[in-house]
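> Contents of final-v3.cif (mmCIF, C-alpha atoms) are given next:
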data_structure
loop_
_atom_site.label_atom_id
_atom_site.label_comp_id
_atom_site.auth_asym_id
_atom_site.auth_seq_id
_atom_site.Cartn_x
_atom_site.Cartn_y
_atom_site.Cartn_z
CA MET A 1 -4.57 -31.40 30.34
CA ALA A 2 -2.42 -29.64 27.70
CA VAL A 3 1.19 -28.97 28.63
CA ARG A 4 0.79 -25.23 27.93
CA SER A 5 -2.19 -25.07 30.27
CA VAL A 6 -0.18 -26.76 33.01
CA VAL A 7 2.70 -24.33 32.47
CA GLU A 8 0.36 -21.32 32.63
CA GLN A 9 -1.24 -22.58 35.81
CA ALA A 10 2.15 -23.28 37.40
CA THR A 11 3.33 -19.79 36.43
CA GLN A 12 0.23 -18.19 37.94
CA VAL A 13 0.46 -20.15 41.20
CA LEU A 14 4.18 -19.47 41.65
CA ARG A 15 3.78 -15.80 40.73
CA ARG A 16 1.01 -15.41 43.30
CA ALA A 17 3.13 -17.09 45.97
CA ILE A 18 6.05 -14.78 45.22
CA LEU A 19 3.93 -11.60 45.08
CA THR A 20 2.32 -12.35 48.44
CA GLY A 21 5.58 -13.40 50.08
CA ALA A 22 4.47 -17.00 50.60
CA LEU A 23 7.68 -17.90 48.75
CA ALA A 24 10.02 -15.67 50.69
CA PRO A 25 12.46 -13.25 49.02
CA GLY A 26 15.93 -14.80 48.85
CA ALA A 27 14.69 -18.34 49.53
CA GLU A 28 16.07 -21.11 47.33
CA TYR A 29 13.92 -23.98 46.10
CA SER A 30 14.84 -27.04 44.10
CA LEU A 31 12.76 -27.98 41.10
CA ARG A 32 11.83 -31.12 43.00
CA GLU A 33 10.44 -29.04 45.90
CA LEU A 34 8.43 -26.78 43.59
CA ALA A 35 7.13 -29.71 41.57
CA GLY A 36 6.07 -31.38 44.82
CA MET A 37 4.27 -28.25 46.00
CA LEU A 38 2.22 -28.12 42.81
CA ASP A 39 2.05 -31.88 42.28
CA ILE A 40 3.30 -31.67 38.70
CA SER A 41 6.39 -32.72 36.75
CA PHE A 42 9.68 -30.84 36.35
CA ILE A 43 9.02 -29.72 32.77
CA PRO A 44 6.20 -27.20 33.43
CA ILE A 45 8.03 -25.96 36.53
CA ARG A 46 11.12 -25.27 34.44
CA GLU A 47 9.05 -23.40 31.84
CA ALA A 48 7.23 -21.41 34.53
CA LEU A 49 10.54 -20.40 36.11
CA ARG A 50 11.79 -19.10 32.75
CA THR A 51 8.78 -16.81 32.54
CA LEU A 52 9.15 -15.63 36.14
CA GLU A 53 12.86 -15.00 35.64
CA GLY A 54 11.96 -12.77 32.69
CA GLU A 55 9.66 -10.84 35.05
CA GLY A 56 12.49 -10.38 37.55
CA LEU A 57 10.80 -12.52 40.21
CA VAL A 58 13.24 -15.44 40.36
CA VAL A 59 16.88 -16.16 39.58
CA THR A 60 17.56 -19.63 38.25
CA ARG A 61 20.70 -21.44 39.36
CA PRO A 62 22.74 -23.86 37.25
CA GLY A 63 21.35 -27.28 37.89
CA ARG A 64 17.94 -27.75 39.44
CA SER A 65 17.16 -24.80 41.72
CA ALA A 66 15.80 -21.27 41.69
CA VAL A 67 16.06 -18.36 44.11
CA VAL A 68 13.18 -15.99 44.74
CA ALA A 69 14.55 -12.58 43.81
CA PRO A 70 15.58 -10.74 46.98
CA LEU A 71 14.13 -7.36 47.85
CA GLY A 72 16.54 -4.48 47.49
CA LEU A 73 16.52 -0.69 47.60
CA ASP A 74 18.39 -0.32 44.29
CA ASP A 75 15.92 -2.70 42.65
CA LEU A 76 12.94 -0.76 44.00
CA ARG A 77 14.39 2.60 42.99
CA GLY A 78 15.06 1.26 39.50
CA ILE A 79 11.48 0.04 39.12
CA TYR A 80 10.00 3.39 40.08
CA ARG A 81 12.55 5.42 38.11
CA LEU A 82 11.48 3.61 34.96
CA ARG A 83 7.78 3.84 35.80
CA ARG A 84 8.10 7.60 36.33
CA ALA A 85 9.86 7.95 32.99
CA LEU A 86 7.06 6.17 31.14
CA GLU A 87 3.67 6.28 32.83
CA PRO A 88 2.99 10.03 33.32
CA GLU A 89 3.74 10.76 29.65
CA ILE A 90 1.62 7.87 28.34
CA ALA A 91 -1.21 8.82 30.71
CA ALA A 92 -1.11 12.44 29.52
CA ARG A 93 -1.87 11.23 25.99
CA SER A 94 -4.28 8.49 27.03
CA CYS A 95 -6.60 10.86 28.91
CA LEU A 96 -7.53 12.44 25.57
CA LEU A 97 -8.43 9.06 24.08
CA LEU A 98 -10.30 7.13 26.79
CA SER A 99 -14.05 7.01 26.30
CA GLU A 100 -16.47 8.14 28.99
CA ALA A 101 -17.89 4.62 29.09
CA GLU A 102 -14.45 3.19 29.86
CA LEU A 103 -13.85 5.82 32.55
CA ASP A 104 -17.22 4.92 34.10
CA ARG A 105 -16.18 1.26 34.14
CA LEU A 106 -12.84 2.09 35.74
CA ALA A 107 -14.51 4.35 38.33
CA GLU A 108 -16.77 1.47 39.30
CA ARG A 109 -13.78 -0.84 39.50
CA ALA A 110 -11.90 1.68 41.65
CA ALA A 111 -14.84 1.92 44.05
CA GLY A 112 -14.49 -1.75 44.85
CA PHE A 113 -10.74 -1.94 44.49
CA GLY A 114 -8.89 -3.22 47.52
CA ALA A 115 -11.87 -5.05 49.02
CA VAL A 116 -10.50 -7.96 51.04
CA ALA A 117 -12.76 -10.41 49.20
CA GLY A 118 -12.56 -10.12 45.45
CA VAL A 119 -9.09 -8.82 44.69
CA THR A 120 -7.45 -10.89 42.00
CA ASP A 121 -3.71 -11.14 41.50
CA ASP A 122 -3.75 -9.05 38.34
CA ASP A 123 -6.12 -6.28 39.54
CA PRO A 124 -3.49 -3.51 39.89
CA HIS A 125 -1.86 -4.51 36.61
CA VAL A 126 -5.18 -4.64 34.73
CA PHE A 127 -6.38 -1.32 36.18
CA HIS A 128 -3.24 0.63 35.25
CA LEU A 129 -3.06 -1.00 31.84
CA ALA A 130 -6.66 0.03 31.12
CA LEU A 131 -5.84 3.66 31.96
CA LEU A 132 -2.81 3.73 29.67
CA ALA A 133 -3.89 1.34 26.90
CA PRO A 134 -5.27 3.85 24.35
CA ALA A 135 -1.88 5.58 24.08
CA ALA A 136 0.48 2.70 24.95
CA THR A 137 2.46 0.92 22.25
CA THR A 138 3.20 -2.79 22.29
CA TRP A 139 6.70 -2.00 23.53
CA ASP A 140 5.37 0.25 26.30
CA ILE A 141 3.30 -2.67 27.57
CA ARG A 142 6.20 -5.12 27.19
CA VAL A 143 8.39 -2.87 29.34
CA LEU A 144 5.76 -1.88 31.90
CA THR A 145 4.26 -5.31 32.59
CA PRO A 146 7.34 -6.77 34.33
CA LEU A 147 7.85 -3.46 36.17
CA TRP A 148 4.27 -3.59 37.47
CA ARG A 149 4.63 -7.19 38.58
CA ALA A 150 8.03 -6.70 40.20
CA GLY A 151 6.82 -3.54 41.96
CA GLU A 152 3.60 -5.20 43.07
CA ARG A 153 5.59 -7.68 45.11
CA TYR A 154 7.07 -4.84 47.17
CA VAL A 155 3.67 -3.17 47.53
CA ARG A 156 1.91 -6.36 48.65
CA ILE A 157 4.61 -7.25 51.16
CA GLY A 158 4.72 -3.62 52.31
CA PHE A 159 0.97 -3.65 52.84
CA GLY A 160 1.30 -6.88 54.80
CA ARG A 161 3.91 -5.40 57.10
CA THR A 162 2.07 -2.13 57.72
CA GLY A 163 -1.24 -3.96 58.26
CA PRO A 164 -3.54 -1.63 56.30
CA GLY A 165 -6.81 -3.17 57.45
CA PRO A 166 -10.16 -1.92 56.10
CA ALA A 167 -9.11 1.75 56.34
CA GLY A 168 -6.00 1.08 54.27
CA HIS A 169 -8.01 -0.75 51.63
CA ARG A 170 -10.44 2.18 51.48
CA ARG A 171 -7.52 4.59 51.01
CA ASP A 172 -6.25 2.41 48.18
CA GLY A 173 -9.65 2.48 46.50
CA THR A 174 -9.88 6.24 46.99
CA ALA A 175 -6.47 6.74 45.37
CA HIS A 176 -7.56 4.79 42.30
CA GLY A 177 -10.79 6.79 42.17
CA GLU A 178 -8.74 10.00 42.21
CA LEU A 179 -6.74 8.75 39.24
CA VAL A 180 -9.94 8.19 37.26
CA ALA A 181 -11.20 11.65 38.27
CA ALA A 182 -7.96 13.19 37.01
CA PHE A 183 -8.40 11.42 33.66
CA ARG A 184 -11.93 12.84 33.41
CA THR A 185 -10.49 16.38 33.32
CA ARG A 186 -8.91 15.55 29.94
CA ASP A 187 -6.04 17.82 30.99
CA PRO A 188 -2.66 16.20 30.29
CA ALA A 189 -0.82 18.21 32.97
CA THR A 190 -3.39 17.30 35.64
CA VAL A 191 -3.25 13.63 34.67
CA SER A 192 0.55 13.52 34.60
CA ALA A 193 0.72 15.06 38.08
CA ALA A 194 -1.89 12.60 39.40
CA VAL A 195 0.10 9.63 38.11
CA GLU A 196 3.26 11.04 39.71
CA ARG A 197 1.43 11.31 43.05
CA ASP A 198 0.13 7.76 42.79
CA LEU A 199 3.62 6.46 42.03
CA ALA A 200 4.98 8.31 45.08
CA ARG A 201 2.19 6.80 47.19
CA THR A 202 2.86 3.22 46.12
CA GLU A 203 6.62 3.65 46.39
CA LYS A 204 6.18 4.72 49.99
CA ILE A 205 4.17 1.57 50.71
CA ALA A 206 6.74 -0.53 48.85
CA LEU A 207 9.57 0.87 50.99
CA ALA A 208 7.87 -0.71 54.01
CA ALA A 209 8.78 -4.10 52.51
CA LEU A 210 12.45 -3.27 53.10
CA THR A 211 12.14 -2.34 56.79
#
Is it possible to give me this structure as structure tokens?


Amino acid sequence: MAVRSVVEQATQVLRRAILTGALAPGAEYSLRELAGMLDISFIPIREALRTLEGEGLVVTRPGRSAVVAPLGLDDLRGIYRLRRALEPEIAARSCLLLSEAELDRLAERAAGFGAVAGVTDDDPHVFHLALLAPAATTWDIRVLTPLWRAGERYVRIGFGRTGPGPAGHRRDGTAHGELVAAFRTRDPATVSAAVERDLARTEKIALAALT
């Protein structure tokens, strides 16, 4: 198997473990421990950790260890402050550019979003990117991607602690459907307000991760 493929797989597995809380916030792991968990050598683990550190999910220590980034109120506020500064404005422009066919696809995706079986690790990231993509620059995506991933960790852990169950998953799907409906209006002010509401909703869930 190619080294790059091993690195990508290691990055995906470790990211998933961090996002779900399987690798606990604040916990320290040696490279030897992580390599043993994944049954691979140190080199791809080291490369994977560099990527995850760039996403704000780990902090590497001098030597051979890494700490899962702790959860913190200032960190969470910073994530959502930046998201609020960027996403509503991009969305307001994107709603004028998205095709009806793409909105139909996203509506269908939203209808099944949050189902216990079938959610992939990148679903929230992919969904929001699709809504913003027509108006987003390369730099917008470069800035937003780590914010989405770092924020998703809080949301997933928050969901786990509040125990949403089927009703919570339905509410999540409904919220995403409402976003698509707002985009269908083609009204920038309506879309911007809808994105603001969705950010407030997910921030509230994320705060549960800190209690």

> Hey, what's within 9 Å of Glu102 in chain A if we count all atoms listed in the file and toss same-chain stuff fewer than 5 positions away? As a PyMOL selection string, please?

chain A and resi 107+130-131

> If I put a ball of radius 12 Å at (-3.8, 5.3, 22.0) in the file's coordinates, which residues poke into it when counting all atoms listed in the file, written as an mmCIF file with C-alpha atoms, in the coordinates of the input?


data_model
loop_
_atom_site.group_PDB
_atom_site.id
_atom_site.type_symbol
_atom_site.label_atom_id
_atom_site.label_comp_id
_atom_site.auth_asym_id
_atom_site.auth_seq_id
_atom_site.Cartn_x
_atom_site.Cartn_y
_atom_site.Cartn_z
ATOM 1 C CA ILE A 90 1.620 7.870 28.340
ATOM 2 C CA ALA A 91 -1.210 8.820 30.710
ATOM 3 C CA ALA A 92 -1.110 12.440 29.520
ATOM 4 C CA ARG A 93 -1.870 11.230 25.990
ATOM 5 C CA SER A 94 -4.280 8.490 27.030
ATOM 6 C CA CYS A 95 -6.600 10.860 28.910
ATOM 7 C CA LEU A 96 -7.530 12.440 25.570
ATOM 8 C CA LEU A 97 -8.430 9.060 24.080
ATOM 9 C CA LEU A 98 -10.300 7.130 26.790
ATOM 10 C CA SER A 99 -14.050 7.010 26.300
ATOM 11 C CA LEU A 129 -3.060 -1.000 31.840
ATOM 12 C CA ALA A 130 -6.660 0.030 31.120
ATOM 13 C CA LEU A 131 -5.840 3.660 31.960
ATOM 14 C CA LEU A 132 -2.810 3.730 29.670
ATOM 15 C CA ALA A 133 -3.890 1.340 26.900
ATOM 16 C CA PRO A 134 -5.270 3.850 24.350
ATOM 17 C CA ALA A 135 -1.880 5.580 24.080
ATOM 18 C CA ALA A 136 0.480 2.700 24.950
ATOM 19 C CA THR A 137 2.460 0.920 22.250
ATOM 20 C CA THR A 138 3.200 -2.790 22.290
ATOM 21 C CA ASP A 140 5.370 0.250 26.300
#

> So which residues fall inside 12 Å of (8.3, -11.0, 35.1) if we count only C-alpha atoms? Mind giving them as number ranges by chain?

A: 11-12, 14-16, 18-19, 48-59, 68-69, 142-153

> Find the residues near Ala110 in chain A: any atom within 8 Å, counting all atoms listed in the file, skip ones fewer than 4 places away on the same chain, and give them as a ChimeraX atom specification.

/A:106,173-174,176-177

> Determine the residue set returned by the PyMOL selection byres ((chain A and resi 158) around 8) for the present structure, and present it as a ChimeraX atom specification.

/A:154-157,159-162,205-210

> Pick out the residues sitting within 10 Å of Ala10 in chain A, and hand them over as a PyMOL selection string; count all atoms listed in the file, and ignore anything fewer than 2 positions along from it in its own chain.

chain A and resi 4-8+12-16+34-35+38-40+44-49

> Mind giving me the straight-line distance from CA of Arg84 in chain A to CA of Leu199 in chain A in Å, one decimal?

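Those two atoms sit 7.3 Å apart.
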
> Using CA of Arg77 in chain A and CA of Gly26 in chain A as the two end points, give the distance in Å to one decimal.

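About the pair CA of Arg77 in chain A and CA of Gly26 in chain A: they are 18.4 Å apart.
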
> Could you check which of A:Trp139, A:Tyr29, A:Phe127, A:Tyr80 is closest to Glu108 in chain A, using all atoms listed in the file?

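Among the listed residues, A:Phe127 lies closest to Glu108 in chain A.
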
> Report, in Å with one decimal, the straight-line distance from CA of Gly78 in chain A to CA of Asp198 in chain A.

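Spanning CA of Gly78 in chain A to CA of Asp198 in chain A is a straight-line distance of 16.6 Å.
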